[in-house]
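Source file: structure_3.cif. Holds: mmCIF, N, CA and C atoms.
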data_run
#
loop_
_atom_site.label_atom_id
_atom_site.label_comp_id
_atom_site.auth_asym_id
_atom_site.auth_seq_id
_atom_site.Cartn_x
_atom_site.Cartn_y
_atom_site.Cartn_z
N MET A 431 135.82 -123.66 109.59
CA MET A 431 135.35 -123.75 108.23
C MET A 431 133.88 -124.13 108.16
N LYS A 432 133.47 -125.07 108.99
CA LYS A 432 132.08 -125.51 108.92
C LYS A 432 131.13 -124.38 109.27
N GLY A 433 131.52 -123.53 110.19
CA GLY A 433 130.68 -122.40 110.57
C GLY A 433 130.45 -121.46 109.41
N LEU A 434 131.50 -121.22 108.63
CA LEU A 434 131.35 -120.32 107.49
C LEU A 434 130.45 -120.94 106.42
N LYS A 435 130.60 -122.22 106.20
CA LYS A 435 129.81 -122.88 105.17
C LYS A 435 128.32 -122.83 105.51
N SER A 436 127.98 -123.09 106.76
CA SER A 436 126.57 -123.06 107.15
C SER A 436 126.03 -121.63 107.09
N ALA A 437 126.87 -120.65 107.40
CA ALA A 437 126.42 -119.27 107.34
C ALA A 437 126.13 -118.85 105.90
N VAL A 438 126.95 -119.33 104.97
CA VAL A 438 126.75 -119.01 103.56
C VAL A 438 125.46 -119.66 103.07
N ILE A 439 125.20 -120.87 103.46
CA ILE A 439 123.99 -121.57 103.04
C ILE A 439 122.75 -120.91 103.64
N ALA A 440 122.85 -120.46 104.88
CA ALA A 440 121.71 -119.86 105.54
C ALA A 440 121.29 -118.55 104.86
N HIS A 441 122.23 -117.84 104.26
CA HIS A 441 121.92 -116.57 103.62
C HIS A 441 121.69 -116.71 102.13
N LYS A 442 121.70 -117.90 101.64
CA LYS A 442 121.51 -118.12 100.21
C LYS A 442 120.06 -117.81 99.84
N LYS A 443 119.87 -117.08 98.74
CA LYS A 443 118.52 -116.73 98.30
C LYS A 443 117.85 -117.93 97.65
N PRO A 444 116.57 -118.14 97.89
CA PRO A 444 115.88 -119.27 97.27
C PRO A 444 115.65 -119.00 95.78
N ASN A 445 115.81 -120.04 94.99
CA ASN A 445 115.56 -119.89 93.56
C ASN A 445 114.12 -120.26 93.25
N ALA A 446 113.72 -120.15 91.98
CA ALA A 446 112.33 -120.36 91.59
C ALA A 446 111.88 -121.80 91.86
N GLU A 447 112.76 -122.79 91.60
CA GLU A 447 112.40 -124.19 91.82
C GLU A 447 112.16 -124.47 93.30
N MET A 448 112.97 -123.85 94.13
CA MET A 448 112.85 -124.04 95.56
C MET A 448 111.52 -123.47 96.06
N LEU A 449 111.12 -122.33 95.51
CA LEU A 449 109.87 -121.69 95.92
C LEU A 449 108.66 -122.51 95.50
N LYS A 450 108.74 -123.19 94.35
CA LYS A 450 107.63 -124.00 93.86
C LYS A 450 107.39 -125.22 94.74
N THR A 451 108.47 -125.78 95.30
CA THR A 451 108.35 -127.01 96.08
C THR A 451 107.93 -126.75 97.52
N ARG A 452 107.92 -125.50 97.95
CA ARG A 452 107.53 -125.20 99.32
C ARG A 452 106.05 -125.48 99.52
N LYS A 453 105.71 -125.92 100.71
CA LYS A 453 104.31 -126.17 101.05
C LYS A 453 103.64 -124.83 101.36
N PRO A 454 102.34 -124.72 101.07
CA PRO A 454 101.66 -123.46 101.38
C PRO A 454 101.58 -123.24 102.89
N THR A 455 101.59 -121.99 103.28
CA THR A 455 101.51 -121.68 104.70
C THR A 455 100.11 -121.96 105.20
N LYS A 456 99.94 -121.94 106.51
CA LYS A 456 98.64 -122.22 107.11
C LYS A 456 97.60 -121.20 106.68
N GLU A 457 98.01 -119.94 106.48
CA GLU A 457 97.07 -118.90 106.08
C GLU A 457 96.44 -119.23 104.73
N LYS A 458 97.26 -119.61 103.77
CA LYS A 458 96.74 -119.92 102.45
C LYS A 458 95.86 -121.16 102.48
N ALA A 459 96.25 -122.15 103.23
CA ALA A 459 95.48 -123.38 103.30
C ALA A 459 94.14 -123.13 103.98
N SER A 460 94.13 -122.31 105.02
CA SER A 460 92.88 -122.07 105.74
C SER A 460 91.91 -121.25 104.91
N LYS A 461 92.39 -120.37 104.04
CA LYS A 461 91.51 -119.58 103.19
C LYS A 461 90.77 -120.47 102.21
N LYS A 462 91.42 -121.51 101.73
CA LYS A 462 90.77 -122.41 100.78
C LYS A 462 89.65 -123.19 101.46
N ASN A 463 89.83 -123.56 102.71
CA ASN A 463 88.86 -124.38 103.41
C ASN A 463 87.81 -123.55 104.15
N ALA A 464 87.95 -122.24 104.14
CA ALA A 464 87.01 -121.39 104.87
C ALA A 464 85.64 -121.43 104.20
N THR A 465 84.60 -121.37 105.03
CA THR A 465 83.25 -121.37 104.49
C THR A 465 82.93 -119.99 103.93
N ALA A 466 82.08 -119.97 102.94
CA ALA A 466 81.70 -118.71 102.31
C ALA A 466 80.77 -117.94 103.25
N LYS A 467 80.89 -116.63 103.24
CA LYS A 467 80.05 -115.80 104.08
C LYS A 467 78.67 -115.70 103.47
N ASP A 468 77.67 -115.67 104.34
CA ASP A 468 76.29 -115.54 103.90
C ASP A 468 76.02 -114.08 103.55
N PRO A 469 75.61 -113.78 102.33
CA PRO A 469 75.39 -112.38 101.95
C PRO A 469 74.18 -111.77 102.67
N ASP A 470 73.28 -112.60 103.21
CA ASP A 470 72.11 -112.09 103.92
C ASP A 470 72.41 -111.76 105.37
N ALA A 471 73.54 -112.17 105.88
CA ALA A 471 73.89 -111.93 107.28
C ALA A 471 74.13 -110.43 107.49
N PRO A 472 73.74 -109.91 108.65
CA PRO A 472 73.96 -108.48 108.91
C PRO A 472 75.45 -108.17 109.07
N LYS A 473 75.83 -106.98 108.63
CA LYS A 473 77.23 -106.56 108.73
C LYS A 473 77.55 -106.21 110.17
N ARG A 474 78.79 -106.45 110.57
CA ARG A 474 79.22 -106.12 111.92
C ARG A 474 79.23 -104.60 112.10
N PRO A 475 78.96 -104.14 113.32
CA PRO A 475 78.90 -102.69 113.55
C PRO A 475 80.29 -102.07 113.57
N PRO A 476 80.39 -100.80 113.20
CA PRO A 476 81.70 -100.14 113.25
C PRO A 476 82.10 -99.81 114.70
N SER A 477 83.38 -99.75 114.94
CA SER A 477 83.87 -99.36 116.26
C SER A 477 83.76 -97.84 116.39
N ALA A 478 84.03 -97.33 117.58
CA ALA A 478 83.95 -95.89 117.83
C ALA A 478 84.91 -95.13 116.91
N PHE A 479 86.07 -95.71 116.66
CA PHE A 479 87.04 -95.05 115.78
C PHE A 479 86.50 -94.91 114.37
N PHE A 480 85.82 -95.93 113.85
CA PHE A 480 85.30 -95.85 112.49
C PHE A 480 84.11 -94.89 112.41
N VAL A 481 83.34 -94.79 113.47
CA VAL A 481 82.26 -93.79 113.51
C VAL A 481 82.89 -92.39 113.45
N PHE A 482 83.96 -92.20 114.21
CA PHE A 482 84.68 -90.93 114.19
C PHE A 482 85.25 -90.65 112.80
N MET A 483 85.83 -91.66 112.18
CA MET A 483 86.46 -91.46 110.87
C MET A 483 85.45 -91.07 109.80
N ASP A 484 84.21 -91.56 109.89
CA ASP A 484 83.18 -91.16 108.92
C ASP A 484 82.98 -89.65 108.96
N GLU A 485 82.87 -89.09 110.15
CA GLU A 485 82.70 -87.65 110.28
C GLU A 485 83.98 -86.90 109.94
N PHE A 486 85.12 -87.46 110.34
CA PHE A 486 86.39 -86.78 110.11
C PHE A 486 86.69 -86.68 108.61
N ARG A 487 86.38 -87.72 107.85
CA ARG A 487 86.63 -87.69 106.40
C ARG A 487 85.87 -86.54 105.74
N LYS A 488 84.60 -86.36 106.15
CA LYS A 488 83.79 -85.28 105.58
C LYS A 488 84.41 -83.91 105.87
N SER A 489 84.79 -83.69 107.11
CA SER A 489 85.37 -82.40 107.47
C SER A 489 86.74 -82.21 106.84
N PHE A 490 87.51 -83.28 106.72
CA PHE A 490 88.84 -83.17 106.12
C PHE A 490 88.73 -82.83 104.64
N LYS A 491 87.75 -83.41 103.94
CA LYS A 491 87.57 -83.11 102.52
C LYS A 491 87.13 -81.67 102.31
N GLU A 492 86.32 -81.13 103.23
CA GLU A 492 85.90 -79.74 103.13
C GLU A 492 87.09 -78.80 103.33
N ASN A 493 87.97 -79.13 104.28
CA ASN A 493 89.12 -78.28 104.57
C ASN A 493 90.25 -78.45 103.58
N HIS A 494 90.37 -79.62 102.98
CA HIS A 494 91.45 -79.92 102.02
C HIS A 494 90.85 -80.53 100.75
N PRO A 495 90.17 -79.73 99.92
CA PRO A 495 89.51 -80.30 98.73
C PRO A 495 90.49 -80.80 97.67
N ASP A 496 91.72 -80.29 97.67
CA ASP A 496 92.69 -80.70 96.66
C ASP A 496 93.39 -82.01 97.01
N ASN A 497 93.24 -82.50 98.22
CA ASN A 497 93.90 -83.73 98.65
C ASN A 497 93.11 -84.95 98.16
N LYS A 498 93.75 -85.81 97.39
CA LYS A 498 93.11 -87.02 96.87
C LYS A 498 93.64 -88.29 97.52
N SER A 499 94.61 -88.17 98.39
CA SER A 499 95.26 -89.33 98.99
C SER A 499 94.48 -89.87 100.18
N VAL A 500 94.12 -91.15 100.12
CA VAL A 500 93.38 -91.79 101.20
C VAL A 500 94.28 -91.98 102.42
N SER A 501 95.54 -92.27 102.17
CA SER A 501 96.45 -92.52 103.28
C SER A 501 96.67 -91.27 104.13
N VAL A 502 96.68 -90.11 103.51
CA VAL A 502 96.88 -88.87 104.27
C VAL A 502 95.68 -88.64 105.19
N VAL A 503 94.48 -88.90 104.68
CA VAL A 503 93.27 -88.73 105.49
C VAL A 503 93.29 -89.71 106.65
N GLY A 504 93.66 -90.96 106.40
CA GLY A 504 93.72 -91.97 107.45
C GLY A 504 94.74 -91.64 108.52
N LYS A 505 95.90 -91.17 108.10
CA LYS A 505 96.94 -90.82 109.08
C LYS A 505 96.52 -89.62 109.92
N ALA A 506 95.93 -88.63 109.27
CA ALA A 506 95.49 -87.44 110.02
C ALA A 506 94.38 -87.81 111.00
N GLY A 507 93.46 -88.68 110.57
CA GLY A 507 92.38 -89.11 111.45
C GLY A 507 92.91 -89.91 112.62
N GLY A 508 93.87 -90.78 112.38
CA GLY A 508 94.46 -91.57 113.46
C GLY A 508 95.18 -90.71 114.47
N GLU A 509 95.91 -89.71 113.98
CA GLU A 509 96.62 -88.81 114.89
C GLU A 509 95.64 -88.01 115.74
N LYS A 510 94.56 -87.53 115.11
CA LYS A 510 93.58 -86.75 115.86
C LYS A 510 92.88 -87.62 116.91
N TRP A 511 92.54 -88.87 116.53
CA TRP A 511 91.88 -89.78 117.48
C TRP A 511 92.77 -90.04 118.69
N LYS A 512 94.07 -90.23 118.45
CA LYS A 512 94.99 -90.49 119.56
C LYS A 512 95.11 -89.27 120.48
N SER A 513 95.03 -88.09 119.90
CA SER A 513 95.20 -86.88 120.71
C SER A 513 93.92 -86.48 121.45
N MET A 514 92.78 -87.08 121.09
CA MET A 514 91.52 -86.73 121.73
C MET A 514 91.44 -87.30 123.15
N SER A 515 90.75 -86.58 124.02
CA SER A 515 90.56 -87.09 125.39
C SER A 515 89.36 -88.03 125.40
N ASP A 516 89.18 -88.73 126.51
CA ASP A 516 88.07 -89.67 126.63
C ASP A 516 86.72 -88.95 126.54
N SER A 517 86.65 -87.73 127.07
CA SER A 517 85.40 -86.98 127.00
C SER A 517 85.09 -86.57 125.56
N ASP A 518 86.12 -86.32 124.75
CA ASP A 518 85.91 -86.00 123.33
C ASP A 518 85.47 -87.23 122.54
N LYS A 519 85.92 -88.40 122.97
CA LYS A 519 85.58 -89.65 122.28
C LYS A 519 84.21 -90.18 122.69
N ALA A 520 83.66 -89.69 123.81
CA ALA A 520 82.41 -90.23 124.36
C ALA A 520 81.25 -90.26 123.37
N PRO A 521 80.99 -89.20 122.57
CA PRO A 521 79.85 -89.28 121.65
C PRO A 521 80.02 -90.38 120.60
N TYR A 522 81.23 -90.60 120.18
CA TYR A 522 81.49 -91.64 119.18
C TYR A 522 81.32 -93.03 119.79
N ILE A 523 81.73 -93.15 121.04
CA ILE A 523 81.57 -94.43 121.74
C ILE A 523 80.09 -94.74 121.94
N GLU A 524 79.28 -93.71 122.26
CA GLU A 524 77.84 -93.92 122.43
C GLU A 524 77.19 -94.36 121.12
N LYS A 525 77.57 -93.70 120.03
CA LYS A 525 77.03 -94.08 118.72
C LYS A 525 77.41 -95.52 118.37
N ALA A 526 78.64 -95.88 118.68
CA ALA A 526 79.11 -97.24 118.39
C ALA A 526 78.33 -98.26 119.22
N LEU A 527 78.04 -97.93 120.47
CA LEU A 527 77.27 -98.85 121.32
C LEU A 527 75.84 -99.01 120.82
N LYS A 528 75.24 -97.92 120.32
CA LYS A 528 73.89 -98.00 119.75
C LYS A 528 73.89 -98.90 118.53
N LYS A 529 74.90 -98.72 117.68
CA LYS A 529 74.99 -99.55 116.48
C LYS A 529 75.23 -101.01 116.83
N LYS A 530 75.98 -101.23 117.91
CA LYS A 530 76.24 -102.60 118.35
C LYS A 530 74.96 -103.26 118.85
N ALA A 531 74.12 -102.50 119.56
CA ALA A 531 72.84 -103.03 120.04
C ALA A 531 71.91 -103.35 118.87
N GLU A 532 71.90 -102.46 117.86
CA GLU A 532 71.08 -102.72 116.67
C GLU A 532 71.57 -103.97 115.94
N TYR A 533 72.87 -104.13 115.89
CA TYR A 533 73.45 -105.31 115.25
C TYR A 533 73.06 -106.58 116.00
N ALA A 534 73.07 -106.52 117.32
CA ALA A 534 72.71 -107.70 118.12
C ALA A 534 71.27 -108.12 117.84
N LYS A 535 70.36 -107.13 117.73
CA LYS A 535 68.97 -107.44 117.41
C LYS A 535 68.85 -108.04 116.01
N ALA A 536 69.54 -107.43 115.06
CA ALA A 536 69.49 -107.92 113.68
C ALA A 536 70.09 -109.32 113.59
N ARG A 537 71.15 -109.56 114.34
CA ARG A 537 71.80 -110.88 114.32
C ARG A 537 70.88 -111.95 114.92
N ASP A 538 70.18 -111.59 116.02
CA ASP A 538 69.25 -112.53 116.64
C ASP A 538 68.11 -112.88 115.68
N ALA A 539 67.58 -111.85 115.01
CA ALA A 539 66.51 -112.08 114.04
C ALA A 539 67.00 -112.95 112.89
N TYR A 540 68.22 -112.71 112.45
CA TYR A 540 68.81 -113.49 111.36
C TYR A 540 68.99 -114.95 111.79
N ASP A 541 69.47 -115.16 113.02
CA ASP A 541 69.67 -116.52 113.52
C ASP A 541 68.35 -117.27 113.62
N GLU A 542 67.30 -116.59 114.11
CA GLU A 542 65.98 -117.22 114.20
C GLU A 542 65.46 -117.60 112.81
N LYS A 543 65.64 -116.70 111.87
CA LYS A 543 65.20 -116.96 110.49
C LYS A 543 65.95 -118.15 109.91
N LYS A 544 67.22 -118.22 110.21
CA LYS A 544 68.05 -119.32 109.71
C LYS A 544 67.62 -120.65 110.33
N LYS A 545 67.28 -120.63 111.64
CA LYS A 545 66.82 -121.85 112.30
C LYS A 545 65.50 -122.34 111.70
N LEU A 546 64.59 -121.40 111.43
CA LEU A 546 63.31 -121.77 110.82
C LEU A 546 63.51 -122.39 109.44
N ASN A 547 64.41 -121.82 108.67
CA ASN A 547 64.69 -122.36 107.34
C ASN A 547 65.29 -123.75 107.43
N ASN A 548 66.16 -123.98 108.41
CA ASN A 548 66.76 -125.30 108.58
C ASN A 548 65.72 -126.33 109.01
N LYS A 549 64.77 -125.93 109.87
CA LYS A 549 63.72 -126.86 110.31
C LYS A 549 62.83 -127.24 109.14
N GLU A 550 62.53 -126.27 108.27
CA GLU A 550 61.70 -126.56 107.10
C GLU A 550 62.41 -127.52 106.15
N ASP A 551 63.70 -127.33 105.99
CA ASP A 551 64.48 -128.21 105.11
C ASP A 551 64.54 -129.62 105.68
N ASN A 552 64.65 -129.74 107.02
CA ASN A 552 64.72 -131.05 107.65
C ASN A 552 63.37 -131.75 107.66
N GLY A 553 62.29 -131.02 107.53
CA GLY A 553 60.95 -131.61 107.54
C GLY A 553 60.56 -132.26 106.24
N LYS A 554 61.31 -132.04 105.18
CA LYS A 554 60.99 -132.65 103.88
C LYS A 554 61.28 -134.14 103.93
N PRO A 555 60.48 -134.94 103.21
CA PRO A 555 60.77 -136.37 103.20
C PRO A 555 62.09 -136.65 102.48
N ALA A 556 62.81 -137.59 103.01
CA ALA A 556 64.10 -137.93 102.42
C ALA A 556 63.88 -138.64 101.09
N GLU A 557 64.65 -138.24 100.09
CA GLU A 557 64.52 -138.87 98.79
C GLU A 557 65.31 -140.17 98.76
N SER A 558 64.78 -141.13 98.04
CA SER A 558 65.42 -142.43 97.93
C SER A 558 66.65 -142.31 97.04
N GLU A 559 67.62 -143.15 97.31
CA GLU A 559 68.82 -143.15 96.49
C GLU A 559 68.59 -143.89 95.18
N LYS A 560 67.50 -144.64 95.09
CA LYS A 560 67.20 -145.39 93.88
C LYS A 560 66.64 -144.45 92.82
N SER A 561 66.88 -144.79 91.57
CA SER A 561 66.32 -144.00 90.49
C SER A 561 64.82 -144.27 90.39
N SER A 562 64.10 -143.41 89.71
CA SER A 562 62.65 -143.57 89.62
C SER A 562 62.27 -144.84 88.86
N SER A 563 63.09 -145.24 87.90
CA SER A 563 62.77 -146.46 87.15
C SER A 563 62.90 -147.69 88.05
N GLU A 564 63.87 -147.72 88.96
CA GLU A 564 64.02 -148.84 89.87
C GLU A 564 62.84 -148.91 90.83
N VAL A 565 62.36 -147.78 91.27
CA VAL A 565 61.21 -147.75 92.18
C VAL A 565 59.98 -148.26 91.45
N HIS A 566 59.77 -147.84 90.20
CA HIS A 566 58.61 -148.29 89.43
C HIS A 566 58.68 -149.79 89.15
N ASP A 567 59.89 -150.31 88.88
CA ASP A 567 60.05 -151.73 88.63
C ASP A 567 59.66 -152.55 89.87
N GLU A 568 60.06 -152.09 91.05
CA GLU A 568 59.72 -152.79 92.29
C GLU A 568 58.21 -152.76 92.51
N ASN A 569 57.58 -151.64 92.24
CA ASN A 569 56.13 -151.52 92.42
C ASN A 569 55.38 -152.47 91.47
N GLU A 570 55.85 -152.61 90.24
CA GLU A 570 55.22 -153.49 89.25
C GLU A 570 55.37 -154.94 89.68
N GLN A 571 56.54 -155.30 90.22
CA GLN A 571 56.76 -156.68 90.66
C GLN A 571 55.85 -157.03 91.83
N GLU A 572 55.68 -156.09 92.77
CA GLU A 572 54.82 -156.33 93.92
C GLU A 572 53.36 -156.46 93.48
N ALA A 573 52.98 -155.67 92.51
CA ALA A 573 51.60 -155.68 92.04
C ALA A 573 51.31 -156.97 91.27
N SER A 574 52.26 -157.51 90.53
CA SER A 574 52.06 -158.71 89.73
C SER A 574 52.04 -159.98 90.58
N SER A 575 52.65 -159.96 91.76
CA SER A 575 52.69 -161.16 92.59
C SER A 575 51.56 -161.24 93.56
#
Encoded form (structure tokens):
Amino acid sequence: MKGLKSAVIAHKKPNAEMLKTRKPTKEKASKKNATAKDPDAPKRPPSAFFVFMDEFRKSFKENHPDNKSVSVVGKAGGEKWKSMSDSDKAPYIEKALKKKAEYAKARDAYDEKKKLNNKEDNGKPAESEKSSSEVHDENEQEASS
């Protein structure tokens, strides 16, 4: 009997109250604490597959102008990529490597620029935690004595 009872409880669907009391998963919690991306940072380079897909989309649209489905284009591109030999993929891999090298240069320049900006910010004199009226009051007292 106990086995049946636990099996029934294990398959019981959660109700709305039960779902509200659950703790958020790690994914949801980590998204809240994640730092915002810098919009000035260079974008990561596309992989060889995405370089291929850019060209494939153009040719697919020319051959199938009536097709409006993005998923059909993606599936057809994926199937063609899988069926291609390494020698057929080589030009796309070369383009991807060139873009990766350009990205590395852009990223290095961005990092240097960011370091310079941080050094300039650190070079500023630190502001006092006292309000300006408190500072003026202290100066007046020192001057009067």
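Here CA of Pro472 (chain A) is placed at a distance of 10.1 Å from CA of Glu532 (chain A).
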Counting all atoms listed in the file, the residue of A:Ala506, A:Leu546, A:Ala478, A:Trp511 that sits nearest Leu527 (chain A):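 Of A:Ala506, A:Leu546, A:Ala478, A:Trp511, the one nearest Leu527 (chain A) is A:Ala478, counting all atoms listed in the file.
Nearest residue to Phe479 (chain A), choosing from A:His494, A:Lys549, A:Lys510, A:Lys544 and counting only C-alpha atoms: A:Lys510.
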Extending 3 Å beyond the listed atoms of region 494-497 of chain A on each side, what axis-aligned box results? I want centre and edge lengths in Å to one decimal, as lines of an AutoDock Vina configuration file.
center_x = 91.7
center_y = -82.3
center_z = 99.8
size_x = 10.4
size_y = 11.3
size_z = 12.3
